[in-house]
$ cat structure.cif   # mmCIF, C-alpha atoms
data_my_file
#
loop_
_atom_site.label_atom_id
_atom_site.label_comp_id
_atom_site.auth_asym_id
_atom_site.auth_seq_id
_atom_site.Cartn_x
_atom_site.Cartn_y
_atom_site.Cartn_z
CA MET A 1394 20.39 -57.46 26.94
CA THR A 1395 17.59 -58.14 29.41
CA LEU A 1396 13.87 -57.65 29.37
CA TRP A 1397 11.93 -55.35 31.65
CA ASP A 1398 8.18 -55.98 31.85
CA GLY A 1399 8.43 -57.86 28.56
CA GLU A 1400 10.08 -54.94 26.76
CA LEU A 1401 13.61 -54.25 25.61
CA SER A 1402 15.62 -52.27 28.12
CA PHE A 1403 16.99 -48.79 27.47
CA TYR A 1404 20.25 -47.35 28.75
CA PRO A 1405 19.46 -44.81 31.47
CA GLN A 1406 21.88 -41.94 30.85
CA PRO A 1407 20.23 -38.72 29.63
CA ARG A 1408 20.44 -37.91 25.97
CA HIS A 1409 21.21 -34.46 24.59
CA ALA A 1410 19.87 -32.59 21.62
CA ALA A 1411 22.05 -32.43 18.51
CA GLY A 1412 24.94 -30.09 19.19
CA ILE A 1413 28.38 -29.19 17.97
CA SER A 1414 30.86 -32.05 17.59
CA VAL A 1415 34.17 -32.09 19.42
CA PRO A 1416 36.36 -31.99 16.25
CA LEU A 1417 34.28 -29.09 14.94
CA LEU A 1418 34.67 -27.25 18.24
CA ILE A 1419 38.45 -27.78 18.14
CA VAL A 1420 38.62 -26.33 14.62
CA ILE A 1421 36.66 -23.24 15.66
CA VAL A 1422 38.81 -22.68 18.77
CA VAL A 1423 42.09 -23.06 16.83
CA PHE A 1424 41.13 -20.58 14.12
CA LEU A 1425 39.66 -18.14 16.63
CA ALA A 1426 42.95 -18.29 18.53
CA LEU A 1427 44.83 -17.48 15.31
CA ALA A 1428 42.48 -14.57 14.60
CA VAL A 1429 42.86 -13.18 18.13
CA SER A 1430 46.65 -13.52 17.89
CA PHE A 1431 46.67 -11.50 14.68
CA LEU A 1432 44.43 -8.82 16.19
CA LEU A 1433 46.90 -8.48 19.06
CA ILE A 1434 49.78 -7.71 16.69
CA LEU A 1435 47.67 -5.57 14.35
CA PRO A 1436 48.47 -2.26 16.16
CA GLY A 1437 52.13 -2.83 15.25
CA ILE A 1438 51.31 -2.43 11.55
CA ARG A 1439 51.54 1.22 10.54
CA GLY A 1440 49.65 3.22 7.97
CA HIS A 1441 46.76 2.26 5.73
CA SER A 1442 48.25 -1.19 5.15
CA ARG A 1443 46.92 -2.11 8.60
CA TRP A 1444 43.35 -2.34 7.25
CA PHE A 1445 44.52 -4.15 4.14
CA TRP A 1446 46.18 -6.85 6.24
CA LEU A 1447 43.18 -6.97 8.60
CA VAL A 1448 40.75 -7.81 5.80
CA ARG A 1449 43.17 -10.10 4.01
CA VAL A 1450 44.19 -12.20 7.02
CA LEU A 1451 40.72 -12.48 8.56
CA LEU A 1452 39.20 -13.51 5.25
CA SER A 1453 41.96 -16.04 4.72
CA LEU A 1454 41.41 -17.50 8.20
CA PHE A 1455 37.68 -17.68 7.54
CA ILE A 1456 38.32 -19.62 4.34
CA GLY A 1457 40.60 -22.09 6.10
CA ALA A 1458 38.23 -22.53 9.03
CA GLU A 1459 35.28 -23.07 6.69
CA ILE A 1460 37.09 -25.73 4.65
CA VAL A 1461 38.00 -27.75 7.75
CA ALA A 1462 34.83 -27.12 9.76
CA VAL A 1463 32.34 -28.28 7.12
CA HIS A 1464 34.33 -31.52 6.85
CA PHE A 1465 33.24 -32.41 10.40
CA SER A 1466 29.75 -30.91 10.18
CA ALA A 1467 26.63 -33.08 10.09
CA GLU A 1468 24.66 -30.37 8.31
CA TRP A 1469 25.26 -31.33 4.68
CA SER A 1470 21.79 -32.82 4.34
CA VAL A 1471 19.07 -32.43 6.95
CA GLY A 1472 15.52 -33.60 7.41
CA ARG A 1473 13.00 -33.13 10.19
CA VAL A 1474 9.47 -34.21 10.95
CA ASN A 1475 6.99 -34.05 13.82
CA THR A 1476 5.13 -37.32 14.08
CA ASN A 1477 3.13 -39.64 16.29
CA THR A 1478 5.20 -42.82 16.30
CA SER A 1479 5.82 -46.04 18.20
CA TYR A 1480 8.50 -45.72 20.86
CA LYS A 1481 9.66 -49.12 22.11
CA ALA A 1482 9.98 -52.54 20.60
CA PHE A 1483 7.24 -55.01 21.58
CA SER A 1484 5.06 -52.18 22.90
CA ALA A 1485 1.96 -50.49 21.51
CA ALA A 1486 2.79 -47.21 23.26
CA ARG A 1487 3.11 -44.21 20.94
CA VAL A 1488 4.67 -40.82 21.51
CA ARG A 1489 4.52 -37.42 19.87
CA ALA A 1490 8.08 -36.53 18.92
CA HIS A 1491 10.37 -34.49 16.71
CA VAL A 1492 12.65 -36.69 14.58
CA GLY A 1493 15.74 -35.20 12.98
CA LEU A 1494 18.16 -36.67 10.43
CA HIS A 1495 21.51 -34.94 9.90
CA VAL A 1496 23.84 -36.33 7.25
CA GLY A 1497 27.51 -35.39 7.10
CA LEU A 1498 30.50 -36.54 5.11
CA GLU A 1499 31.48 -39.15 7.70
CA GLY A 1500 28.13 -40.46 8.92
CA ILE A 1501 24.67 -39.56 10.14
CA ASN A 1502 23.25 -38.09 13.32
CA ILE A 1503 19.71 -38.99 14.40
CA THR A 1504 17.83 -37.02 17.02
CA LEU A 1505 14.58 -37.85 18.77
CA THR A 1506 12.94 -35.30 21.06
CA GLY A 1507 9.57 -35.82 22.67
CA ILE A 1508 6.80 -33.22 22.45
CA PRO A 1509 6.82 -32.72 25.42
CA VAL A 1510 10.18 -34.21 26.43
CA GLN A 1511 8.68 -36.03 29.43
CA GLN A 1512 6.41 -38.84 28.22
CA LEU A 1513 5.69 -42.39 29.42
CA ASN A 1514 7.61 -41.59 32.63
CA GLU A 1515 10.80 -41.15 30.56
CA THR A 1516 12.90 -38.33 29.17
CA ILE A 1517 12.71 -38.65 25.39
CA ASP A 1518 15.80 -36.78 24.22
CA TYR A 1519 18.18 -38.84 22.09
CA ASN A 1520 21.13 -37.89 19.92
CA GLU A 1521 22.81 -40.85 18.21
CA GLN A 1522 25.78 -40.84 15.82
CA PHE A 1523 26.49 -43.57 13.24
CA SER A 1524 29.75 -43.30 11.29
CA TRP A 1525 31.09 -44.70 8.03
CA ARG A 1526 34.48 -42.98 8.10
CA LEU A 1527 37.58 -45.06 7.48
CA GLY A 1528 38.24 -47.34 10.42
CA GLU A 1529 34.59 -47.34 11.52
CA ASN A 1530 32.07 -50.10 10.89
CA TYR A 1531 28.55 -48.78 10.42
CA ALA A 1532 26.99 -52.26 10.66
CA GLU A 1533 28.64 -52.86 14.05
CA GLU A 1534 27.43 -49.52 15.36
CA TYR A 1535 23.91 -50.38 14.25
CA THR A 1536 24.17 -53.75 16.01
CA GLU A 1537 25.27 -51.99 19.19
CA ALA A 1538 22.26 -49.69 18.89
CA LEU A 1539 20.00 -52.74 18.70
CA GLU A 1540 21.64 -54.18 21.80
CA LYS A 1541 21.15 -50.90 23.67
CA GLY A 1542 17.47 -50.97 22.78
CA LEU A 1543 17.27 -47.53 21.23
CA PRO A 1544 13.81 -46.16 20.37
CA ASP A 1545 12.10 -47.42 17.23
CA PRO A 1546 12.40 -44.14 15.23
CA VAL A 1547 16.18 -44.05 15.75
CA LEU A 1548 16.61 -47.69 14.78
CA TYR A 1549 14.32 -47.27 11.78
CA LEU A 1550 16.38 -44.44 10.31
CA ALA A 1551 19.69 -46.09 11.19
CA GLU A 1552 18.57 -49.33 9.52
CA LYS A 1553 17.81 -47.46 6.28
CA PHE A 1554 21.50 -46.51 6.06
CA THR A 1555 22.96 -49.96 6.77
CA PRO A 1556 25.03 -51.58 3.98
CA SER A 1557 22.51 -54.44 3.70
CA SER A 1558 19.46 -52.18 3.37
CA PRO A 1559 17.71 -52.41 -0.03
CA CYS A 1560 17.40 -48.60 0.01
CA GLY A 1561 21.05 -48.22 -0.98
CA LEU A 1562 21.43 -45.03 1.07
CA TYR A 1563 24.67 -46.24 2.65
CA ARG A 1564 26.46 -46.65 -0.68
CA GLN A 1565 25.15 -43.36 -2.10
CA TYR A 1566 25.94 -41.14 0.87
CA ARG A 1567 29.17 -42.91 1.81
CA LEU A 1568 30.68 -42.57 -1.66
CA ALA A 1569 29.48 -38.98 -2.01
CA GLY A 1570 30.91 -38.17 1.41
CA HIS A 1571 34.28 -39.77 0.69
CA TYR A 1572 34.73 -37.90 -2.59
CA ALA A 1573 33.59 -34.62 -1.06
CA SER A 1574 35.92 -35.14 1.90
CA ALA A 1575 38.91 -35.89 -0.35
CA THR A 1576 38.37 -32.77 -2.48
CA LEU A 1577 37.97 -30.61 0.63
CA TRP A 1578 41.32 -31.79 1.98
CA VAL A 1579 42.89 -30.96 -1.38
CA ALA A 1580 41.28 -27.52 -1.14
CA PHE A 1581 42.77 -27.09 2.34
CA CYS A 1582 46.26 -27.98 1.09
CA LEU A 1583 45.86 -25.48 -1.74
CA TRP A 1584 44.73 -22.86 0.77
CA LEU A 1585 47.95 -23.40 2.74
CA LEU A 1586 49.95 -23.16 -0.48
CA SER A 1587 48.17 -19.95 -1.51
CA ASN A 1588 48.99 -18.31 1.83
CA ALA A 1589 52.63 -19.29 1.49
CA LEU A 1590 52.83 -17.93 -2.06
CA LEU A 1591 51.03 -14.70 -1.17
CA SER A 1592 53.59 -14.14 1.60
CA MET A 1593 56.33 -14.17 -1.04
CA PRO A 1594 56.72 -11.81 -4.01
CA VAL A 1595 54.69 -14.12 -6.27
CA PRO A 1596 51.09 -12.87 -5.88
CA LEU A 1597 50.09 -14.24 -9.28
CA TYR A 1598 50.77 -17.83 -8.28
CA GLY A 1599 49.19 -17.25 -4.89
CA GLY A 1600 46.05 -16.00 -6.63
CA LEU A 1601 46.00 -19.04 -8.89
CA ALA A 1602 46.36 -21.34 -5.88
CA LEU A 1603 43.46 -19.53 -4.21
CA LEU A 1604 41.44 -19.93 -7.38
CA ALA A 1605 42.19 -23.67 -7.35
CA THR A 1606 41.09 -23.76 -3.70
CA GLY A 1607 37.68 -22.43 -4.69
CA ALA A 1608 37.47 -24.88 -7.60
CA PHE A 1609 38.09 -27.91 -5.37
CA SER A 1610 35.57 -26.62 -2.83
CA LEU A 1611 33.01 -26.52 -5.63
CA PHE A 1612 34.04 -30.03 -6.66
CA SER A 1613 33.21 -31.23 -3.13
CA VAL A 1614 29.74 -29.66 -3.40
CA LEU A 1615 29.19 -31.31 -6.78
CA ALA A 1616 30.36 -34.66 -5.40
CA PHE A 1617 27.87 -34.51 -2.55
CA ALA A 1618 25.09 -33.19 -4.79
CA SER A 1619 25.48 -36.29 -6.98
CA ILE A 1620 23.18 -38.13 -4.57
CA SER A 1621 20.27 -35.97 -5.72
CA SER A 1622 20.35 -37.63 -9.13
CA VAL A 1623 19.48 -41.01 -7.57
CA PRO A 1624 15.94 -41.79 -6.32
CA LEU A 1625 16.17 -42.06 -2.54
CA CYS A 1626 14.25 -44.44 -0.33
CA PRO A 1627 11.24 -42.79 1.38
CA LEU A 1628 11.60 -42.38 5.15
CA ARG A 1629 8.10 -42.60 6.57
CA PHE A 1630 6.68 -42.51 10.08
CA GLY A 1631 3.05 -43.46 9.63
CA SER A 1632 1.41 -40.71 7.59
CA SER A 1633 4.46 -38.43 7.97
CA ALA A 1634 7.67 -38.56 5.97
CA ILE A 1635 11.09 -36.94 6.27
CA SER A 1636 11.95 -34.82 3.27
CA SER A 1637 15.68 -34.09 3.23
CA HIS A 1638 17.24 -30.92 1.89
CA TYR A 1639 20.75 -29.51 1.71
CA GLY A 1640 21.93 -28.06 5.00
CA ALA A 1641 24.03 -25.13 6.15
CA ALA A 1642 27.40 -26.82 5.51
CA PHE A 1643 26.47 -27.47 1.88
CA TRP A 1644 25.38 -23.90 1.19
CA VAL A 1645 28.31 -22.31 3.04
CA THR A 1646 30.76 -24.43 1.03
CA LEU A 1647 28.98 -23.52 -2.19
CA ALA A 1648 28.91 -19.79 -1.41
CA THR A 1649 32.54 -19.51 -0.31
CA GLY A 1650 33.72 -21.77 -3.14
CA GLU A 1651 32.00 -19.58 -5.71
CA ASP A 1652 33.46 -16.46 -4.10
CA ARG A 1653 37.00 -17.83 -4.33
CA ALA A 1654 36.48 -19.15 -7.85
CA MET A 1655 35.21 -15.79 -9.06
CA GLY A 1656 38.63 -14.28 -8.59
CA PRO A 1657 41.25 -13.68 -5.89
CA GLY A 1658 40.83 -9.93 -6.37
CA ARG A 1659 37.57 -10.08 -4.44
CA LEU A 1660 39.52 -11.12 -1.36
CA GLY A 1661 41.78 -8.07 -1.43
CA ILE A 1662 44.71 -9.73 -3.20
#
$ encode --input "structure.cif" --output "structure tokens"
Amino acid sequence: MTLWDGELSFYPQPRHAAGISVPLLIVIVVFLALAVSFLLILPGIRGHSRWFWLVRVLLSLFIGAEIVAVHFSAEWSVGRVNTNTSYKAFSAARVRAHVGLHVGLEGINITLTGIPVQQLNETIDYNEQFSWRLGENYAEEYTEALEKGLPDPVLYLAEKFTPSSPCGLYRQYRLAGHYASATLWVAFCLWLLSNALLSMPVPLYGGLALLATGAFSLFSVLAFASISSVPLCPLRFGSSAISSHYGAAFWVTLATGEDRAMGPGRLGI
């Protein structure tokens, strides 16, 4: 890493605002393709059973897509703040920016967007991912971020989640994410089993498998919510602080899990 005018260099490629991840996009495309395929063969089903199968299959596909999609989502816990903060290391320059923290089951996503985007003759629009999934080393990714010379707000938040940080956020969120991820995969396997059983003349066992699917989805929510019982390290930018709250993935999993746990009859079975 070199110095430019006495300051750490930054990589020049443009950054993009937080968007949909590639695995999440693949999940959505696959399940949409399945839904479209079913709609194409729907006219071949005669009588009133056509609408029964329409509701049943589409709801089942939605359940499967939701179980897999939230696994790759970074919207389990989110926090945002608008602040006036330092921008570069070894520089007194400050910028007005929007800082976002998105926590998923496999890591965190940190966004930094200038207000306005063009400041200090630069485009301030960063979207950085740091993972703790199996096979990934969070500490190495943080070291690479230091070598790249990422902006101070990004490095500050990323450092709070390192294994060596006294905040302990890495251990709390990593364990919660691993347990939630494991229970979601169990729920997905039970969803596959329930569809197989409901296709055979054993609707009772299919309903029980669907009920177990909802139960394990709720277990994943409870596993992730366990972090709320532990005092978390404050994330401050001067006089401003990021206050995290549960995101869309958390609430969608909770809502659909409760719906399945309330009884398979609500899904048309």
$ closest_atom_pairs --input "structure.cif" --of "stretch 1453-1477 of chain A" --to "stretch 1528-1551 of chain A" --cutoff "12 Å" --atoms "only C-alpha atoms" --output "tab-separated table"
residue	atom	partner	partner_atom	distance
A:Gly1472	CA	A:Leu1550	CA	11.3
A:Arg1473	CA	A:Leu1550	CA	11.8
A:Val1474	CA	A:Pro1546	CA	11.2
A:Asn1475	CA	A:Pro1546	CA	11.5
A:Thr1476	CA	A:Pro1546	CA	10.0
A:Asn1477	CA	A:Pro1546	CA	10.4
$ closest_residue --input "structure.cif" --among "A:Ser1574, A:Ser1524, A:Ser1470, A:Asn1514" --to "A:Gly1640" --atoms "only C-alpha atoms"
A:Ser1470
$ closest_residue --input "structure.cif" --among "A:Gly1599, A:Gly1607, A:Gly1440, A:Gly1631" --to "A:Asp1652" --atoms "all atoms listed in the file"
A:Gly1607
$ resolve_selection --input "structure.cif" --expression "the PyMOL selection byres ((chain A and resi 1445-1452) around 10)" --output "mmCIF file with C-alpha atoms, keeping the file's coordinate frame"
data_model
loop_
_atom_site.group_PDB
_atom_site.id
_atom_site.type_symbol
_atom_site.label_atom_id
_atom_site.label_comp_id
_atom_site.auth_asym_id
_atom_site.auth_seq_id
_atom_site.Cartn_x
_atom_site.Cartn_y
_atom_site.Cartn_z
ATOM 1 C CA PHE A 1424 41.130 -20.580 14.120
ATOM 2 C CA LEU A 1425 39.660 -18.140 16.630
ATOM 3 C CA LEU A 1427 44.830 -17.480 15.310
ATOM 4 C CA ALA A 1428 42.480 -14.570 14.600
ATOM 5 C CA VAL A 1429 42.860 -13.180 18.130
ATOM 6 C CA PHE A 1431 46.670 -11.500 14.680
ATOM 7 C CA LEU A 1432 44.430 -8.820 16.190
ATOM 8 C CA LEU A 1435 47.670 -5.570 14.350
ATOM 9 C CA ILE A 1438 51.310 -2.430 11.550
ATOM 10 C CA GLY A 1440 49.650 3.220 7.970
ATOM 11 C CA HIS A 1441 46.760 2.260 5.730
ATOM 12 C CA SER A 1442 48.250 -1.190 5.150
ATOM 13 C CA ARG A 1443 46.920 -2.110 8.600
ATOM 14 C CA TRP A 1444 43.350 -2.340 7.250
ATOM 15 C CA SER A 1453 41.960 -16.040 4.720
ATOM 16 C CA LEU A 1454 41.410 -17.500 8.200
ATOM 17 C CA PHE A 1455 37.680 -17.680 7.540
ATOM 18 C CA ILE A 1456 38.320 -19.620 4.340
ATOM 19 C CA GLY A 1457 40.600 -22.090 6.100
ATOM 20 C CA ALA A 1458 38.230 -22.530 9.030
ATOM 21 C CA ASN A 1588 48.990 -18.310 1.830
ATOM 22 C CA LEU A 1660 39.520 -11.120 -1.360
ATOM 23 C CA GLY A 1661 41.780 -8.070 -1.430
ATOM 24 C CA ILE A 1662 44.710 -9.730 -3.200
#
$ closest_residue --input "structure.cif" --among "A:Ala1616, A:Leu1603, A:Pro1596, A:Ala1486" --to "A:Leu1498" --atoms "only C-alpha atoms"
A:Ala1616
$ closest_residue --input "structure.cif" --among "A:Ala1426, A:Ala1573, A:Leu1611, A:Leu1586" --to "A:Phe1465" --atoms "all atoms listed in the file"
A:Ala1573
$ resolve_selection --input "structure.cif" --expression "the PyMOL selection byres ((chain A and resi 1618) around 12)" --output "short mmCIF file (atom, residue, chain, number, x, y, z; two decimals) with C-alpha atoms, in the frame of the given file"
data_model
loop_
_atom_site.label_atom_id
_atom_site.label_comp_id
_atom_site.auth_asym_id
_atom_site.auth_seq_id
_atom_site.Cartn_x
_atom_site.Cartn_y
_atom_site.Cartn_z
CA TRP A 1469 25.26 -31.33 4.68
CA SER A 1470 21.79 -32.82 4.34
CA LEU A 1498 30.50 -36.54 5.11
CA GLN A 1565 25.15 -43.36 -2.10
CA TYR A 1566 25.94 -41.14 0.87
CA LEU A 1568 30.68 -42.57 -1.66
CA ALA A 1569 29.48 -38.98 -2.01
CA GLY A 1570 30.91 -38.17 1.41
CA TYR A 1572 34.73 -37.90 -2.59
CA ALA A 1573 33.59 -34.62 -1.06
CA LEU A 1611 33.01 -26.52 -5.63
CA PHE A 1612 34.04 -30.03 -6.66
CA SER A 1613 33.21 -31.23 -3.13
CA VAL A 1614 29.74 -29.66 -3.40
CA LEU A 1615 29.19 -31.31 -6.78
CA ALA A 1616 30.36 -34.66 -5.40
CA PHE A 1617 27.87 -34.51 -2.55
CA SER A 1619 25.48 -36.29 -6.98
CA ILE A 1620 23.18 -38.13 -4.57
CA SER A 1621 20.27 -35.97 -5.72
CA SER A 1622 20.35 -37.63 -9.13
CA VAL A 1623 19.48 -41.01 -7.57
CA HIS A 1638 17.24 -30.92 1.89
CA TYR A 1639 20.75 -29.51 1.71
CA GLY A 1640 21.93 -28.06 5.00
CA PHE A 1643 26.47 -27.47 1.88
CA TRP A 1644 25.38 -23.90 1.19
CA THR A 1646 30.76 -24.43 1.03
CA LEU A 1647 28.98 -23.52 -2.19
#
$ atom_distance --input "structure.cif" --atom1 "atom CA of A:Leu1583" --atom2 "atom CA of A:Glu1468"
24.0 Å
$ atom_distance --input "structure.cif" --atom1 "atom CA of A:Gly1500" --atom2 "atom CA of A:Arg1526"
6.9 Å
$ closest_residue --input "structure.cif" --among "A:Val1461, A:Ala1467, A:Ala1641, A:Leu1562" --to "A:Ile1421" --atoms "all atoms listed in the file"
A:Val1461
$ atom_distance --input "structure.cif" --atom1 "atom CA of A:Glu1521" --atom2 "atom CA of A:Val1492"
11.6 Å
$ closest_residue --input "structure.cif" --among "A:Thr1516, A:Ser1610, A:Ser1479, A:Ser1592" --to "A:Phe1630" --atoms "all atoms listed in the file"
A:Ser1479
$ resolve_selection --input "structure.cif" --expression "the PyMOL selection byres ((chain A and resi 1487) around 10)" --output "short mmCIF file (atom, residue, chain, number, x, y, z; two decimals) with C-alpha atoms, in the frame of the given file"
data_model
loop_
_atom_site.label_atom_id
_atom_site.label_comp_id
_atom_site.auth_asym_id
_atom_site.auth_seq_id
_atom_site.Cartn_x
_atom_site.Cartn_y
_atom_site.Cartn_z
CA THR A 1476 5.13 -37.32 14.08
CA ASN A 1477 3.13 -39.64 16.29
CA THR A 1478 5.20 -42.82 16.30
CA SER A 1479 5.82 -46.04 18.20
CA TYR A 1480 8.50 -45.72 20.86
CA LYS A 1481 9.66 -49.12 22.11
CA SER A 1484 5.06 -52.18 22.90
CA ALA A 1485 1.96 -50.49 21.51
CA ALA A 1486 2.79 -47.21 23.26
CA VAL A 1488 4.67 -40.82 21.51
CA ARG A 1489 4.52 -37.42 19.87
CA ALA A 1490 8.08 -36.53 18.92
CA GLN A 1512 6.41 -38.84 28.22
CA LEU A 1513 5.69 -42.39 29.42
#
$ residues_around --input "structure.cif" --residues "A:Ile1517" --least-positions-apart "3" --cutoff "8 Å" --atoms "all atoms listed in the file" --output "PyMOL selection string"
chain A and resi 1408+1505-1507+1510-1512
